[in-house]
file upload21.tsv (TSV, N, CA and C atoms)
chain	number	residue	atom	x	y	z
A	1	MET	N	140.81	19.73	85.57
A	1	MET	CA	140.79	19.65	84.13
A	1	MET	C	139.53	20.34	83.64
A	2	LEU	N	139.67	21.08	82.55
A	2	LEU	CA	138.55	21.74	81.92
A	2	LEU	C	138.00	20.82	80.84
A	3	ILE	N	136.70	20.55	80.90
A	3	ILE	CA	136.04	19.63	79.98
A	3	ILE	C	135.21	20.44	78.98
A	4	LYS	N	135.24	20.02	77.73
A	4	LYS	CA	134.41	20.65	76.69
A	4	LYS	C	133.41	19.62	76.18
A	5	PHE	N	132.13	19.94	76.29
A	5	PHE	CA	131.06	19.13	75.73
A	5	PHE	C	130.74	19.68	74.35
A	6	THR	N	130.62	18.79	73.37
A	6	THR	CA	130.33	19.22	72.01
A	6	THR	C	129.24	18.35	71.40
A	7	SER	N	128.53	18.96	70.47
A	7	SER	CA	127.52	18.27	69.68
A	7	SER	C	127.33	19.05	68.40
A	8	ASN	N	127.04	18.36	67.32
A	8	ASN	CA	126.75	19.05	66.06
A	8	ASN	C	125.41	19.77	66.11
A	9	ALA	N	124.64	19.54	67.15
A	9	ALA	CA	123.31	20.15	67.27
A	9	ALA	C	123.32	21.47	68.04
A	10	SER	N	124.45	21.81	68.68
A	10	SER	CA	124.48	23.03	69.48
A	10	SER	C	125.92	23.51	69.66
A	11	GLY	N	126.07	24.60	70.38
A	11	GLY	CA	127.39	25.12	70.69
A	11	GLY	C	128.08	24.28	71.75
A	12	SER	N	129.32	24.62	72.05
A	12	SER	CA	130.10	23.89	73.05
A	12	SER	C	129.79	24.39	74.45
A	13	ILE	N	130.04	23.52	75.43
A	13	ILE	CA	129.87	23.86	76.85
A	13	ILE	C	131.19	23.53	77.54
A	14	LEU	N	131.68	24.45	78.36
A	14	LEU	CA	132.88	24.22	79.16
A	14	LEU	C	132.47	24.01	80.61
A	15	MET	N	133.13	23.06	81.25
A	15	MET	CA	132.82	22.77	82.65
A	15	MET	C	134.08	22.19	83.30
A	16	LEU	N	134.34	22.57	84.53
A	16	LEU	CA	135.44	21.95	85.26
A	16	LEU	C	135.13	20.48	85.49
A	17	GLY	N	136.15	19.64	85.41
A	17	GLY	CA	135.97	18.21	85.57
A	17	GLY	C	135.30	17.83	86.87
A	18	GLU	N	135.66	18.51	87.96
A	18	GLU	CA	135.07	18.19	89.26
A	18	GLU	C	133.58	18.48	89.30
A	19	HIS	N	133.13	19.42	88.48
A	19	HIS	CA	131.70	19.73	88.40
A	19	HIS	C	131.00	18.86	87.36
A	20	ALA	N	131.74	18.45	86.34
A	20	ALA	CA	131.16	17.61	85.29
A	20	ALA	C	130.86	16.21	85.80
A	21	LEU	N	131.67	15.68	86.71
A	21	LEU	CA	131.50	14.32	87.18
A	21	LEU	C	130.11	14.06	87.75
A	22	PRO	N	129.61	14.84	88.73
A	22	PRO	CA	128.26	14.56	89.24
A	22	PRO	C	127.16	14.77	88.19
A	23	VAL	N	127.38	15.68	87.26
A	23	VAL	CA	126.40	15.90	86.20
A	23	VAL	C	126.33	14.67	85.29
A	24	LEU	N	127.49	14.13	84.93
A	24	LEU	CA	127.52	12.95	84.08
A	24	LEU	C	126.97	11.72	84.79
A	25	ILE	N	127.23	11.61	86.08
A	25	ILE	CA	126.67	10.50	86.85
A	25	ILE	C	125.14	10.59	86.88
A	26	ALA	N	124.62	11.81	87.05
A	26	ALA	CA	123.17	12.00	87.04
A	26	ALA	C	122.58	11.66	85.68
A	27	ALA	N	123.38	11.86	84.62
A	27	ALA	CA	122.92	11.55	83.26
A	27	ALA	C	123.04	10.06	82.94
A	28	GLY	N	123.52	9.28	83.90
A	28	GLY	CA	123.54	7.83	83.71
A	28	GLY	C	124.87	7.21	83.39
A	29	LYS	N	125.93	8.00	83.33
A	29	LYS	CA	127.25	7.43	83.07
A	29	LYS	C	127.79	6.81	84.35
A	30	VAL	N	128.37	5.62	84.23
A	30	VAL	CA	128.94	4.91	85.37
A	30	VAL	C	130.44	4.82	85.15
A	31	PHE	N	131.20	5.25	86.14
A	31	PHE	CA	132.65	5.22	86.06
A	31	PHE	C	133.17	4.29	87.14
A	32	ALA	N	133.81	3.20	86.73
A	32	ALA	CA	134.24	2.14	87.65
A	32	ALA	C	135.15	2.68	88.74
A	33	ASP	N	136.08	3.54	88.39
A	33	ASP	CA	137.04	4.03	89.38
A	33	ASP	C	136.58	5.32	90.05
A	34	GLY	N	135.41	5.81	89.69
A	34	GLY	CA	134.88	7.03	90.29
A	34	GLY	C	135.51	8.30	89.76
A	35	GLU	N	136.35	8.17	88.73
A	35	GLU	CA	136.99	9.34	88.15
A	35	GLU	C	136.48	9.57	86.73
A	36	LEU	N	136.44	10.82	86.34
A	36	LEU	CA	135.97	11.20	85.03
A	36	LEU	C	137.01	10.85	83.97
A	37	PRO	N	136.63	10.03	82.99
A	37	PRO	CA	137.57	9.77	81.89
A	37	PRO	C	137.73	11.02	81.03
A	38	GLU	N	138.86	11.15	80.38
A	38	GLU	CA	139.12	12.34	79.57
A	38	GLU	C	138.12	12.50	78.43
A	39	ARG	N	137.70	11.39	77.85
A	39	ARG	CA	136.80	11.46	76.71
A	39	ARG	C	135.61	10.52	76.92
A	40	GLY	N	134.49	10.91	76.34
A	40	GLY	CA	133.32	10.06	76.43
A	40	GLY	C	132.25	10.54	75.48
A	41	VAL	N	131.18	9.76	75.41
A	41	VAL	CA	130.12	10.08	74.46
A	41	VAL	C	128.77	9.59	74.98
A	42	PHE	N	127.74	10.33	74.65
A	42	PHE	CA	126.36	9.88	74.74
A	42	PHE	C	125.92	9.66	73.30
A	43	THR	N	125.61	8.45	72.95
A	43	THR	CA	125.10	8.20	71.60
A	43	THR	C	123.67	8.72	71.53
A	44	ALA	N	123.17	8.86	70.32
A	44	ALA	CA	121.78	9.32	70.15
A	44	ALA	C	120.81	8.38	70.85
A	45	GLN	N	121.14	7.08	70.90
A	45	GLN	CA	120.27	6.11	71.57
A	45	GLN	C	120.31	6.25	73.09
A	46	GLN	N	121.41	6.78	73.64
A	46	GLN	CA	121.54	6.95	75.09
A	46	GLN	C	120.94	8.26	75.59
A	47	LEU	N	120.65	9.17	74.69
A	47	LEU	CA	120.20	10.50	75.09
A	47	LEU	C	118.86	10.53	75.83
A	48	PRO	N	117.84	9.74	75.47
A	48	PRO	CA	116.59	9.80	76.25
A	48	PRO	C	116.81	9.46	77.73
A	49	ALA	N	117.60	8.46	78.02
A	49	ALA	CA	117.88	8.11	79.42
A	49	ALA	C	118.70	9.20	80.10
A	50	ALA	N	119.64	9.80	79.38
A	50	ALA	CA	120.45	10.88	79.95
A	50	ALA	C	119.58	12.09	80.28
A	51	ILE	N	118.69	12.43	79.37
A	51	ILE	CA	117.79	13.57	79.59
A	51	ILE	C	116.90	13.31	80.81
A	52	ALA	N	116.34	12.12	80.90
A	52	ALA	CA	115.48	11.77	82.05
A	52	ALA	C	116.27	11.82	83.35
A	53	GLY	N	117.49	11.32	83.35
A	53	GLY	CA	118.31	11.33	84.56
A	53	GLY	C	118.68	12.74	84.99
A	54	LEU	N	119.04	13.58	84.04
A	54	LEU	CA	119.37	14.97	84.37
A	54	LEU	C	118.15	15.72	84.88
A	55	LYS	N	117.01	15.50	84.24
A	55	LYS	CA	115.78	16.19	84.68
A	55	LYS	C	115.42	15.80	86.11
A	56	GLU	N	115.49	14.51	86.40
A	56	GLU	CA	115.17	14.04	87.75
A	56	GLU	C	116.15	14.60	88.77
A	57	ALA	N	117.44	14.59	88.45
A	57	ALA	CA	118.44	15.11	89.39
A	57	ALA	C	118.28	16.61	89.61
A	58	MET	N	117.93	17.36	88.57
A	58	MET	CA	117.72	18.80	88.74
A	58	MET	C	116.49	19.07	89.59
A	59	GLU	N	115.45	18.27	89.44
A	59	GLU	CA	114.24	18.45	90.25
A	59	GLU	C	114.49	18.13	91.71
A	60	GLU	N	115.37	17.17	91.98
A	60	GLU	CA	115.67	16.76	93.35
A	60	GLU	C	116.76	17.60	94.01
A	61	ALA	N	117.50	18.38	93.23
A	61	ALA	CA	118.60	19.18	93.79
A	61	ALA	C	118.04	20.25	94.71
A	62	PRO	N	118.72	20.49	95.83
A	62	PRO	CA	118.24	21.52	96.75
A	62	PRO	C	118.39	22.91	96.14
A	63	GLU	N	117.48	23.78	96.53
A	63	GLU	CA	117.55	25.18	96.09
A	63	GLU	C	118.63	25.88	96.89
A	64	LEU	N	119.39	26.72	96.22
A	64	LEU	CA	120.40	27.52	96.91
A	64	LEU	C	119.74	28.78	97.41
A	65	SER	N	120.17	29.21	98.58
A	65	SER	CA	119.62	30.42	99.16
A	65	SER	C	120.78	31.34	99.53
A	66	ASP	N	120.61	32.62	99.24
A	66	ASP	CA	121.65	33.57	99.64
A	66	ASP	C	121.31	34.22	100.98
A	67	ASP	N	120.24	33.74	101.62
A	67	ASP	CA	119.83	34.17	102.95
A	67	ASP	C	119.53	35.66	103.04
A	68	LEU	N	119.20	36.28	101.96
A	68	LEU	CA	118.82	37.69	101.99
A	68	LEU	C	117.37	37.82	101.56
A	69	ASP	N	116.65	38.70	102.23
A	69	ASP	CA	115.26	38.97	101.90
A	69	ASP	C	115.23	39.94	100.72
A	70	GLU	N	114.65	39.52	99.61
A	70	GLU	CA	114.62	40.33	98.40
A	70	GLU	C	113.91	41.67	98.61
A	71	ASP	N	112.94	41.73	99.53
A	71	ASP	CA	112.14	42.94	99.71
A	71	ASP	C	112.71	43.88	100.76
A	72	ASP	N	113.73	43.47	101.47
A	72	ASP	CA	114.30	44.28	102.54
A	72	ASP	C	115.41	45.16	101.97
A	73	ASP	N	115.14	46.48	101.88
A	73	ASP	CA	116.12	47.41	101.31
A	73	ASP	C	117.27	47.71	102.25
A	74	SER	N	117.15	47.37	103.54
A	74	SER	CA	118.21	47.68	104.49
A	74	SER	C	119.38	46.71	104.40
A	75	GLU	N	119.16	45.54	103.82
A	75	GLU	CA	120.23	44.57	103.71
A	75	GLU	C	121.08	44.84	102.47
A	76	VAL	N	122.36	44.58	102.61
A	76	VAL	CA	123.27	44.75	101.49
A	76	VAL	C	123.08	43.57	100.54
A	77	LYS	N	122.84	43.88	99.29
A	77	LYS	CA	122.62	42.84	98.29
A	77	LYS	C	123.97	42.33	97.79
A	78	ARG	N	124.07	41.01	97.65
A	78	ARG	CA	125.27	40.41	97.09
A	78	ARG	C	125.21	40.49	95.58
A	79	HIS	N	126.34	40.73	94.99
A	79	HIS	CA	126.43	40.76	93.54
A	79	HIS	C	126.18	39.35	93.01
A	80	PRO	N	125.46	39.18	91.91
A	80	PRO	CA	125.18	37.84	91.37
A	80	PRO	C	126.43	37.00	91.14
A	81	MET	N	127.56	37.62	90.82
A	81	MET	CA	128.80	36.86	90.58
A	81	MET	C	129.36	36.24	91.86
A	82	SER	N	128.94	36.73	93.02
A	82	SER	CA	129.44	36.18	94.28
A	82	SER	C	128.53	35.10	94.85
A	83	GLN	N	127.42	34.83	94.19
A	83	GLN	CA	126.50	33.81	94.66
A	83	GLN	C	126.96	32.42	94.24
A	84	ALA	N	126.64	31.44	95.05
A	84	ALA	CA	127.02	30.06	94.77
A	84	ALA	C	126.29	29.53	93.54
A	85	VAL	N	126.95	28.61	92.84
A	85	VAL	CA	126.34	27.95	91.68
A	85	VAL	C	125.99	26.54	92.10
A	86	GLY	N	124.75	26.15	91.90
A	86	GLY	CA	124.29	24.83	92.32
A	86	GLY	C	124.24	23.84	91.18
A	87	PHE	N	123.82	22.64	91.52
A	87	PHE	CA	123.75	21.56	90.54
A	87	PHE	C	122.86	21.91	89.36
A	88	LYS	N	121.72	22.53	89.64
A	88	LYS	CA	120.78	22.87	88.55
A	88	LYS	C	121.43	23.77	87.51
A	89	GLN	N	122.15	24.79	87.98
A	89	GLN	CA	122.80	25.71	87.06
A	89	GLN	C	123.91	25.03	86.27
A	90	ARG	N	124.58	24.08	86.87
A	90	ARG	CA	125.66	23.37	86.17
A	90	ARG	C	125.10	22.36	85.16
A	91	ALA	N	124.03	21.69	85.51
A	91	ALA	CA	123.49	20.62	84.68
A	91	ALA	C	122.63	21.13	83.53
A	92	TYR	N	121.99	22.27	83.69
A	92	TYR	CA	121.02	22.72	82.69
A	92	TYR	C	121.59	22.88	81.28
A	93	PRO	N	122.77	23.47	81.10
A	93	PRO	CA	123.29	23.57	79.72
A	93	PRO	C	123.47	22.21	79.04
A	94	LEU	N	123.97	21.22	79.77
A	94	LEU	CA	124.12	19.89	79.19
A	94	LEU	C	122.75	19.27	78.91
A	95	TYR	N	121.80	19.48	79.79
A	95	TYR	CA	120.44	19.01	79.59
A	95	TYR	C	119.88	19.56	78.28
A	96	GLU	N	120.03	20.86	78.06
A	96	GLU	CA	119.54	21.49	76.83
A	96	GLU	C	120.28	20.96	75.60
A	97	MET	N	121.60	20.75	75.74
A	97	MET	CA	122.38	20.20	74.63
A	97	MET	C	121.88	18.80	74.27
A	98	CYS	N	121.59	18.01	75.27
A	98	CYS	CA	121.10	16.65	75.03
A	98	CYS	C	119.74	16.67	74.32
A	99	ILE	N	118.86	17.57	74.72
A	99	ILE	CA	117.55	17.68	74.08
A	99	ILE	C	117.70	18.05	72.61
A	100	GLU	N	118.52	19.05	72.33
A	100	GLU	CA	118.73	19.47	70.94
A	100	GLU	C	119.40	18.37	70.12
A	101	SER	N	120.34	17.67	70.73
A	101	SER	CA	121.03	16.58	70.04
A	101	SER	C	120.08	15.43	69.72
A	102	LEU	N	119.17	15.13	70.65
A	102	LEU	CA	118.19	14.09	70.41
A	102	LEU	C	117.26	14.46	69.25
A	103	LYS	N	116.83	15.72	69.21
A	103	LYS	CA	115.95	16.18	68.13
A	103	LYS	C	116.61	16.01	66.77
A	104	GLN	N	117.93	16.20	66.73
A	104	GLN	CA	118.66	16.13	65.46
A	104	GLN	C	119.40	14.81	65.27
A	105	ASP	N	119.17	13.85	66.17
A	105	ASP	CA	119.80	12.53	66.09
A	105	ASP	C	121.32	12.63	66.05
A	106	GLU	N	121.86	13.47	66.94
A	106	GLU	CA	123.31	13.67	67.05
A	106	GLU	C	123.80	13.14	68.39
A	107	GLN	N	125.08	12.88	68.49
A	107	GLN	CA	125.66	12.45	69.75
A	107	GLN	C	126.24	13.64	70.50
A	108	VAL	N	126.47	13.45	71.80
A	108	VAL	CA	127.11	14.45	72.65
A	108	VAL	C	128.42	13.84	73.13
A	109	MET	N	129.50	14.58	72.93
A	109	MET	CA	130.82	14.08	73.33
A	109	MET	C	131.46	15.03	74.34
A	110	TRP	N	132.40	14.50	75.11
A	110	TRP	CA	133.21	15.36	75.96
A	110	TRP	C	134.67	14.96	75.82
A	111	GLU	N	135.54	15.97	76.02
A	111	GLU	CA	136.98	15.80	75.92
A	111	GLU	C	137.65	16.96	76.64
A	112	PRO	N	138.95	16.88	76.88
A	112	PRO	CA	139.63	18.02	77.50
A	112	PRO	C	139.53	19.24	76.58
A	113	ALA	N	139.35	20.39	77.18
A	113	ALA	CA	139.25	21.63	76.41
A	113	ALA	C	140.63	22.02	75.92
A	114	ASP	N	140.67	22.65	74.76
A	114	ASP	CA	141.92	23.16	74.19
A	114	ASP	C	142.25	24.49	74.83
A	115	SER	N	142.57	24.45	76.11
A	115	SER	CA	142.81	25.69	76.84
A	115	SER	C	143.90	25.48	77.87
A	116	ALA	N	144.63	26.52	78.15
A	116	ALA	CA	145.67	26.47	79.18
A	116	ALA	C	145.09	26.69	80.58
A	117	TRP	N	143.78	26.83	80.67
A	117	TRP	CA	143.13	27.00	81.97
A	117	TRP	C	143.50	25.82	82.77
call {"tool": "encode", "arguments": {"input": "upload21.tsv", "output": "structure tokens"}}
result
Amino acid sequence: MLIKFTSNASGSILMLGEHALPVLIAAGKVFADGELPERGVFTAQQLPAAIAGLKEAMEEAPELSDDLDEDDDSEVKRHPMSQAVGFKQRAYPLYEMCIESLKQDEQVMWEPADSAW
């Protein structure tokens, strides 16, 4: 399922549900059945804890390595689109959305995206 995060403080963010689940868990959401509900919200009062949780999880996330030496011209460089995307790259847009939403006292919501993806 494709999830859309929205806030009146910023633009929308799209994320696959399987990738959104660990990000939301890091932000402090608890799901009894371990599955992502279709809809949810971070209220303005919940945002400071969500921001702290995301920041901590991003700091603890392992760095991804493409195992290539940047200075070695003899190695074939991988195109950036073929490189793996890690937790930090997935969580950062939501982290920024939460910060902007907190500044403007807005909530952050998620729901299924209006897309045939």
call {"tool": "atom_distance", "arguments": {"input": "upload21.tsv", "atom1": "CA of Arg39 (chain A)", "atom2": "CA of Ala20 (chain A)"}}
result
12.0 Å
call {"tool": "closest_residue", "arguments": {"input": "upload21.tsv", "among": "A:Met97, A:Lys88, A:Gln46, A:Gly34", "to": "Gly11 (chain A)", "atoms": "all atoms listed in the file"}}
result
A:Met97
call {"tool": "select_by_dssp", "arguments": {"input": "upload21.tsv", "residues": "chain A", "states": "strand (DSSP E)", "output": "mmCIF file with N, CA and C atoms, keeping the file's coordinate frame"}}
result
data_model
loop_
_atom_site.group_PDB
_atom_site.id
_atom_site.type_symbol
_atom_site.label_atom_id
_atom_site.label_comp_id
_atom_site.auth_asym_id
_atom_site.auth_seq_id
_atom_site.Cartn_x
_atom_site.Cartn_y
_atom_site.Cartn_z
ATOM 1 N N LEU A 2 139.670 21.080 82.550
ATOM 2 C CA LEU A 2 138.550 21.740 81.920
ATOM 3 C C LEU A 2 138.000 20.820 80.840
ATOM 4 N N ILE A 3 136.700 20.550 80.900
ATOM 5 C CA ILE A 3 136.040 19.630 79.980
ATOM 6 C C ILE A 3 135.210 20.440 78.980
ATOM 7 N N LYS A 4 135.240 20.020 77.730
ATOM 8 C CA LYS A 4 134.410 20.650 76.690
ATOM 9 C C LYS A 4 133.410 19.620 76.180
ATOM 10 N N PHE A 5 132.130 19.940 76.290
ATOM 11 C CA PHE A 5 131.060 19.130 75.730
ATOM 12 C C PHE A 5 130.740 19.680 74.350
ATOM 13 N N THR A 6 130.620 18.790 73.370
ATOM 14 C CA THR A 6 130.330 19.220 72.010
ATOM 15 C C THR A 6 129.240 18.350 71.400
ATOM 16 N N SER A 7 128.530 18.960 70.470
ATOM 17 C CA SER A 7 127.520 18.270 69.680
ATOM 18 C C SER A 7 127.330 19.050 68.400
ATOM 19 N N SER A 10 124.450 21.810 68.680
ATOM 20 C CA SER A 10 124.480 23.030 69.480
ATOM 21 C C SER A 10 125.920 23.510 69.660
ATOM 22 N N GLY A 11 126.070 24.600 70.380
ATOM 23 C CA GLY A 11 127.390 25.120 70.690
ATOM 24 C C GLY A 11 128.080 24.280 71.750
ATOM 25 N N SER A 12 129.320 24.620 72.050
ATOM 26 C CA SER A 12 130.100 23.890 73.050
ATOM 27 C C SER A 12 129.790 24.390 74.450
ATOM 28 N N ILE A 13 130.040 23.520 75.430
ATOM 29 C CA ILE A 13 129.870 23.860 76.850
ATOM 30 C C ILE A 13 131.190 23.530 77.540
ATOM 31 N N LEU A 14 131.680 24.450 78.360
ATOM 32 C CA LEU A 14 132.880 24.220 79.160
ATOM 33 C C LEU A 14 132.470 24.010 80.610
ATOM 34 N N MET A 15 133.130 23.060 81.250
ATOM 35 C CA MET A 15 132.820 22.770 82.650
ATOM 36 C C MET A 15 134.080 22.190 83.300
ATOM 37 N N LEU A 16 134.340 22.570 84.530
ATOM 38 C CA LEU A 16 135.440 21.950 85.260
ATOM 39 C C LEU A 16 135.130 20.480 85.490
ATOM 40 N N GLY A 40 134.490 10.910 76.340
ATOM 41 C CA GLY A 40 133.320 10.060 76.430
ATOM 42 C C GLY A 40 132.250 10.540 75.480
ATOM 43 N N VAL A 41 131.180 9.760 75.410
ATOM 44 C CA VAL A 41 130.120 10.080 74.460
ATOM 45 C C VAL A 41 128.770 9.590 74.980
ATOM 46 N N PHE A 42 127.740 10.330 74.650
ATOM 47 C CA PHE A 42 126.360 9.880 74.740
ATOM 48 C C PHE A 42 125.920 9.660 73.300
ATOM 49 N N VAL A 108 126.470 13.450 71.800
ATOM 50 C CA VAL A 108 127.110 14.450 72.650
ATOM 51 C C VAL A 108 128.420 13.840 73.130
ATOM 52 N N MET A 109 129.500 14.580 72.930
ATOM 53 C CA MET A 109 130.820 14.080 73.330
ATOM 54 C C MET A 109 131.460 15.030 74.340
ATOM 55 N N TRP A 110 132.400 14.500 75.110
ATOM 56 C CA TRP A 110 133.210 15.360 75.960
ATOM 57 C C TRP A 110 134.670 14.960 75.820
ATOM 58 N N GLU A 111 135.540 15.970 76.020
ATOM 59 C CA GLU A 111 136.980 15.800 75.920
ATOM 60 C C GLU A 111 137.650 16.960 76.640
ATOM 61 N N PRO A 112 138.950 16.880 76.880
ATOM 62 C CA PRO A 112 139.630 18.020 77.500
ATOM 63 C C PRO A 112 139.530 19.240 76.580
#
call {"tool": "closest_atom_pairs", "arguments": {"input": "upload21.tsv", "of": "region 17-86 of chain A", "to": "region 102-114 of chain A", "cutoff": "9 Å", "atoms": "only C-alpha atoms", "output": "CSV"}}
result
residue,atom,partner,partner_atom,distance
A:Gly17,CA,A:Pro112,CA,8.9
A:Pro37,CA,A:Glu111,CA,8.5
A:Glu38,CA,A:Glu111,CA,5.5
A:Arg39,CA,A:Glu111,CA,4.4
A:Gly40,CA,A:Trp110,CA,5.3
A:Val41,CA,A:Met109,CA,4.2
A:Phe42,CA,A:Val108,CA,5.1
A:Thr43,CA,A:Gln107,CA,4.7
A:Ala44,CA,A:Gln107,CA,5.0
A:Gln45,CA,A:Leu102,CA,8.3
A:Gln46,CA,A:Gln107,CA,8.7
A:Leu47,CA,A:Leu102,CA,6.2
A:Pro48,CA,A:Leu102,CA,7.4
call {"tool": "closest_residue", "arguments": {"input": "upload21.tsv", "among": "A:Leu21, A:Val30, A:Phe5, A:Phe87", "to": "Pro62 (chain A)", "atoms": "only N, CA and C atoms"}}
result
A:Phe87
call {"tool": "residues_near_point", "arguments": {"input": "upload21.tsv", "point": "(127.1, 18.6, 65.5)", "cutoff": "8 Å", "atoms": "only C-alpha atoms", "output": "ChimeraX atom specification"}}
result
/A:6-10,101,106-107
call {"tool": "atom_distance", "arguments": {"input": "upload21.tsv", "atom1": "CA of Ala32 (chain A)", "atom2": "CA of Cys98 (chain A)"}}
result
23.3 Å
call {"tool": "axis_aligned_box", "arguments": {"input": "upload21.tsv", "around": "region 28-38 of chain A", "padding_each_side": "3 Å", "output": "lines of an AutoDock Vina configuration file"}}
result
center_x = 131.3
center_y = 7.3
center_z = 84.4
size_x = 21.6
size_y = 16.4
size_z = 17.9
call {"tool": "select_by_dssp", "arguments": {"input": "upload21.tsv", "residues": "chain A", "states": "helix (DSSP H, G or I)", "output": "PyMOL selection string"}}
result
chain A and resi 17-26+47-60+80-82+87-103
call {"tool": "residues_around", "arguments": {"input": "upload21.tsv", "residues": "Gly28 (chain A)", "least_positions_apart": "6", "cutoff": "6.5 Å", "atoms": "only N, CA and C atoms", "output": "ChimeraX atom specification"}}
result
/A:49-50,53-54
call {"tool": "atom_distance", "arguments": {"input": "upload21.tsv", "atom1": "atom C of Leu24 (chain A)", "atom2": "atom N of Glu60 (chain A)"}}
result
14.7 Å
